[in-house]
Amino acid sequence: MVAKNTRPTVADIRAMKARGQKISMLYVTTPEEAAAANAAGIDMLSIEGRFFSSEMRIAAGKCFVQVGLPFGAWGSLQGRPLATAEDYLRAAFHFSQLGGDCFYCAASYDIQKVLCDNHIPIVAHVGLIPSYITWTGFRAVGKTAEEALRVWHDVKRLEAIGCFGAELEVVPDRVGELISKNTSLIMLGMGAGPGADAQYLFAEDVLGHTDGHKPRHAKTYRNFAAEFERLQQERIAAFGEFVADVQSGAYPAPGHVVPIVDEEFESFRADLGFGNS
């Protein structure tokens, strides 16, 4: 069990898998979402490097945080795209200093191995991989025996180089279960069925404000889209009332200004040579 008032370690997450405990995981982008996840008891968070900061780490509390290392054209660190193993190693150490617990890396096996060789907990990606989507298109991966075998070999290769886990995205449920039960990796399932070690969703799907396509595996628990629309209409109305007040002179009212006593103002006018009012 995880010690009270401490966040989990890699060893704790592995122990959860070993005893068959299901792991909850959310992708979040704001400190408010991270704090809510912590308060709700979410086990793991996924936070892209561009969103991760000391503020996010504090907000995440006891959650085990996976930080996404920027990949190629998908992002950069301090304005510089990550290209070499040294780039990725430097980025991982940077985010470690901020409190990252493990690191998502979609780079090549040789780069991932360098990170693993430096004892950095790495989460890779198998199945549908968004950063490689030009090669596959957006579709389920592993619906044929040949494709499922390829996913299996990918997992075994990641296991061999020392990865901590892998996102297992949009694969058939029975394939996801068989792989998860037969690897030491923590399999973070997103659309991979109930047999994956973790169930991983985006906060925007959970809260119902996804733009565009909603994945089959997404489940909405609250309708924030309607609330955001209501707030936007209220925002527009408030701004419109402000415009009207400015144009009519209703704003600023006496309560919104800093007064000056008559004697001081008249002295100021005299100093400027304007004479008596």
# chains A, B, ... in the order shown; residues from 1 in each chain; ligands from 1

$ closest_atom_pairs --of "region 137-212 of chain A" --to "region 102-116 of chain A" --cutoff "12 Å" --atoms "only C-alpha atoms" --output "tab-separated table"
residue	atom	partner	partner_atom	distance
A:Asp154	CA	A:Tyr109	CA	9.8
A:Val155	CA	A:Tyr109	CA	11.3
A:Lys156	CA	A:Tyr109	CA	11.8
A:Arg157	CA	A:Tyr109	CA	8.3
A:Leu158	CA	A:Tyr109	CA	7.5
A:Glu159	CA	A:Lys113	CA	10.2
A:Ala160	CA	A:Lys113	CA	9.2
A:Ile161	CA	A:Lys113	CA	5.4
A:Gly162	CA	A:Cys116	CA	5.6
A:Cys163	CA	A:Cys116	CA	6.2
A:Phe164	CA	A:Cys102	CA	8.2
A:Gly165	CA	A:Tyr104	CA	8.9
A:Ala166	CA	A:Tyr104	CA	8.3
A:Glu167	CA	A:Tyr104	CA	8.7
A:Ile186	CA	A:Cys102	CA	11.7
A:Leu188	CA	A:Tyr104	CA	11.2

$ select_by_dssp --residues "region 62-251 of chain A" --states "strand (DSSP E)" --output "ChimeraX atom specification"
/A:64-68,102-104,122-127,165-169,186-190,198-202

$ closest_residue --among "A:Glu204, A:Glu229, A:Asp245, A:Asp197" --to "Arg19 (chain A)" --atoms "only C-alpha atoms"
A:Asp197

$ residues_around --residues "Lys181 (chain A)" --least-positions-apart "6" --cutoff "10 Å" --atoms "only C-alpha atoms" --output "NGL selection string"
:A and (17-18 or 20 or 187 or 195-197)

$ atom_distance --atom1 "CA of Met190 (chain A)" --atom2 "CA of Ala34 (chain A)"
19.0 Å

$ residues_around --residues "Leu45 (chain A)" --least-positions-apart "5" --cutoff "7 Å" --atoms "only C-alpha atoms" --output "VMD selection string"
chain A and resid 25 to 28 63 to 66

$ write_last_selection --atoms "all heavy atoms" --output "PDB file, in the first residue's frame"
ATOM      1  N   MET A  25      -6.776   6.816 -14.733  1.00  0.00           N
ATOM      2  CA  MET A  25      -5.814   7.754 -15.318  1.00  0.00           C
ATOM      3  C   MET A  25      -6.541   8.805 -16.147  1.00  0.00           C
ATOM      4  O   MET A  25      -7.454   8.481 -16.912  1.00  0.00           O
ATOM      5  CB  MET A  25      -4.815   6.989 -16.187  1.00  0.00           C
ATOM      6  CG  MET A  25      -3.714   7.839 -16.782  1.00  0.00           C
ATOM      7  SD  MET A  25      -2.478   6.801 -17.621  1.00  0.00           S
ATOM      8  CE  MET A  25      -1.271   8.041 -18.098  1.00  0.00           C
ATOM      9  N   LEU A  26      -6.130  10.051 -15.999  1.00  0.00           N
ATOM     10  CA  LEU A  26      -6.723  11.152 -16.755  1.00  0.00           C
ATOM     11  C   LEU A  26      -5.644  11.999 -17.409  1.00  0.00           C
ATOM     12  O   LEU A  26      -4.581  12.236 -16.817  1.00  0.00           O
ATOM     13  CB  LEU A  26      -7.542  12.068 -15.835  1.00  0.00           C
ATOM     14  CG  LEU A  26      -8.952  11.658 -15.439  1.00  0.00           C
ATOM     15  CD1 LEU A  26      -9.531  12.712 -14.496  1.00  0.00           C
ATOM     16  CD2 LEU A  26      -9.852  11.505 -16.663  1.00  0.00           C
ATOM     17  N   TYR A  27      -5.944  12.493 -18.601  1.00  0.00           N
ATOM     18  CA  TYR A  27      -5.135  13.505 -19.271  1.00  0.00           C
ATOM     19  C   TYR A  27      -5.709  14.851 -18.884  1.00  0.00           C
ATOM     20  O   TYR A  27      -6.895  15.120 -19.108  1.00  0.00           O
ATOM     21  CB  TYR A  27      -5.206  13.296 -20.784  1.00  0.00           C
ATOM     22  CG  TYR A  27      -4.568  14.381 -21.624  1.00  0.00           C
ATOM     23  CD1 TYR A  27      -3.264  14.245 -22.082  1.00  0.00           C
ATOM     24  CD2 TYR A  27      -5.279  15.530 -21.979  1.00  0.00           C
ATOM     25  CE1 TYR A  27      -2.669  15.243 -22.867  1.00  0.00           C
ATOM     26  CE2 TYR A  27      -4.704  16.518 -22.758  1.00  0.00           C
ATOM     27  CZ  TYR A  27      -3.404  16.371 -23.200  1.00  0.00           C
ATOM     28  OH  TYR A  27      -2.838  17.363 -23.969  1.00  0.00           O
ATOM     29  N   VAL A  28      -4.895  15.725 -18.294  1.00  0.00           N
ATOM     30  CA  VAL A  28      -5.364  17.032 -17.859  1.00  0.00           C
ATOM     31  C   VAL A  28      -4.452  18.127 -18.419  1.00  0.00           C
ATOM     32  O   VAL A  28      -3.292  17.864 -18.765  1.00  0.00           O
ATOM     33  CB  VAL A  28      -5.425  17.145 -16.320  1.00  0.00           C
ATOM     34  CG1 VAL A  28      -6.377  16.110 -15.739  1.00  0.00           C
ATOM     35  CG2 VAL A  28      -4.029  16.992 -15.695  1.00  0.00           C
ATOM     36  N   CYS A  63      -1.333  12.404  -6.918  1.00  0.00           N
ATOM     37  CA  CYS A  63      -1.405  11.679  -8.194  1.00  0.00           C
ATOM     38  C   CYS A  63       0.002  11.382  -8.719  1.00  0.00           C
ATOM     39  O   CYS A  63       0.907  12.205  -8.616  1.00  0.00           O
ATOM     40  CB  CYS A  63      -2.156  12.491  -9.246  1.00  0.00           C
ATOM     41  SG  CYS A  63      -3.877  12.849  -8.848  1.00  0.00           S
ATOM     42  N   PHE A  64       0.161  10.207  -9.296  1.00  0.00           N
ATOM     43  CA  PHE A  64       1.390   9.821  -9.995  1.00  0.00           C
ATOM     44  C   PHE A  64       1.317  10.472 -11.372  1.00  0.00           C
ATOM     45  O   PHE A  64       0.364  10.254 -12.119  1.00  0.00           O
ATOM     46  CB  PHE A  64       1.431   8.302 -10.109  1.00  0.00           C
ATOM     47  CG  PHE A  64       2.693   7.743 -10.706  1.00  0.00           C
ATOM     48  CD1 PHE A  64       3.780   7.422  -9.910  1.00  0.00           C
ATOM     49  CD2 PHE A  64       2.776   7.499 -12.067  1.00  0.00           C
ATOM     50  CE1 PHE A  64       4.937   6.872 -10.462  1.00  0.00           C
ATOM     51  CE2 PHE A  64       3.918   6.957 -12.635  1.00  0.00           C
ATOM     52  CZ  PHE A  64       5.005   6.646 -11.824  1.00  0.00           C
ATOM     53  N   VAL A  65       2.315  11.294 -11.710  1.00  0.00           N
ATOM     54  CA  VAL A  65       2.220  12.108 -12.924  1.00  0.00           C
ATOM     55  C   VAL A  65       3.151  11.618 -14.024  1.00  0.00           C
ATOM     56  O   VAL A  65       4.367  11.526 -13.840  1.00  0.00           O
ATOM     57  CB  VAL A  65       2.518  13.590 -12.619  1.00  0.00           C
ATOM     58  CG1 VAL A  65       2.603  14.402 -13.912  1.00  0.00           C
ATOM     59  CG2 VAL A  65       1.445  14.172 -11.714  1.00  0.00           C
ATOM     60  N   GLN A  66       2.555  11.312 -15.165  1.00  0.00           N
ATOM     61  CA  GLN A  66       3.296  11.016 -16.391  1.00  0.00           C
ATOM     62  C   GLN A  66       3.407  12.317 -17.181  1.00  0.00           C
ATOM     63  O   GLN A  66       2.405  12.928 -17.523  1.00  0.00           O
ATOM     64  CB  GLN A  66       2.543   9.976 -17.211  1.00  0.00           C
ATOM     65  CG  GLN A  66       3.062   9.798 -18.636  1.00  0.00           C
ATOM     66  CD  GLN A  66       2.171   8.880 -19.457  1.00  0.00           C
ATOM     67  OE1 GLN A  66       2.064   7.695 -19.171  1.00  0.00           O
ATOM     68  NE2 GLN A  66       1.510   9.429 -20.465  1.00  0.00           N
TER      69      GLN A  66
END

$ atom_distance --atom1 "CA of Ala37 (chain A)" --atom2 "CA of Pro194 (chain A)"
20.8 Å

$ atom_distance --atom1 "CA of Gln247 (chain A)" --atom2 "CA of Ile260 (chain A)"
24.8 Å

$ select_by_dssp --residues "region 120-262 of chain A" --states "helix (DSSP H, G or I)" --output "JSON, numbers by chain"
{"A": [130, 131, 132, 133, 134, 135, 136, 145, 146, 147, 148, 149, 150, 151, 152, 153, 154, 155, 156, 157, 158, 159, 160, 161, 173, 174, 175, 176, 177, 178, 179, 180, 181, 203, 204, 205, 206, 224, 225, 226, 227, 228, 229, 230, 231, 232, 233, 234, 235, 236, 237, 238, 239, 240, 241, 242, 243, 244, 245, 246, 247, 248, 254, 255, 256, 262]}

$ residues_around --residues "Thr9 (chain A)" --least-positions-apart "3" --cutoff "12 Å" --atoms "only C-alpha atoms" --output "PDB file with C-alpha atoms, in the first residue's frame"
ATOM      1  CA  MET A   1       0.000   0.000   0.000  1.00  0.00           C
ATOM      2  CA  VAL A   2       1.064   3.603  -0.612  1.00  0.00           C
ATOM      3  CA  ALA A   3       2.115   5.434   2.554  1.00  0.00           C
ATOM      4  CA  THR A   6       2.741  10.461  -0.127  1.00  0.00           C
ATOM      5  CA  ASP A  12       3.735   1.193  -6.021  1.00  0.00           C
ATOM      6  CA  ILE A  13       2.195   1.284  -9.505  1.00  0.00           C
ATOM      7  CA  ARG A  14       3.797  -2.072 -10.329  1.00  0.00           C
ATOM      8  CA  ALA A  15       2.407  -3.480  -7.085  1.00  0.00           C
ATOM      9  CA  MET A  16      -1.068  -2.292  -8.080  1.00  0.00           C
ATOM     10  CA  ASP A  43      -4.278   7.359  -9.492  1.00  0.00           C
ATOM     11  CA  MET A  44      -2.353   8.700 -12.485  1.00  0.00           C
ATOM     12  CA  LYS A  62      -0.820  12.586  -4.535  1.00  0.00           C
ATOM     13  CA  CYS A  63      -1.405  11.679  -8.194  1.00  0.00           C
ATOM     14  CA  PHE A  64       1.390   9.821  -9.995  1.00  0.00           C
ATOM     15  CA  VAL A  65       2.220  12.108 -12.924  1.00  0.00           C
ATOM     16  CA  GLN A  66       3.296  11.016 -16.391  1.00  0.00           C
ATOM     17  CA  GLY A  99       8.336  16.548 -10.005  1.00  0.00           C
ATOM     18  CA  GLY A 100       7.455  14.267 -12.915  1.00  0.00           C
ATOM     19  CA  ASP A 101       7.118  10.616 -11.866  1.00  0.00           C
ATOM     20  CA  CYS A 102       7.404   8.947 -15.275  1.00  0.00           C
ATOM     21  CA  PRO A 121      10.689   5.471 -15.981  1.00  0.00           C
ATOM     22  CA  PHE A 164       8.043   1.044 -17.346  1.00  0.00           C
TER      23      PHE A 164
END
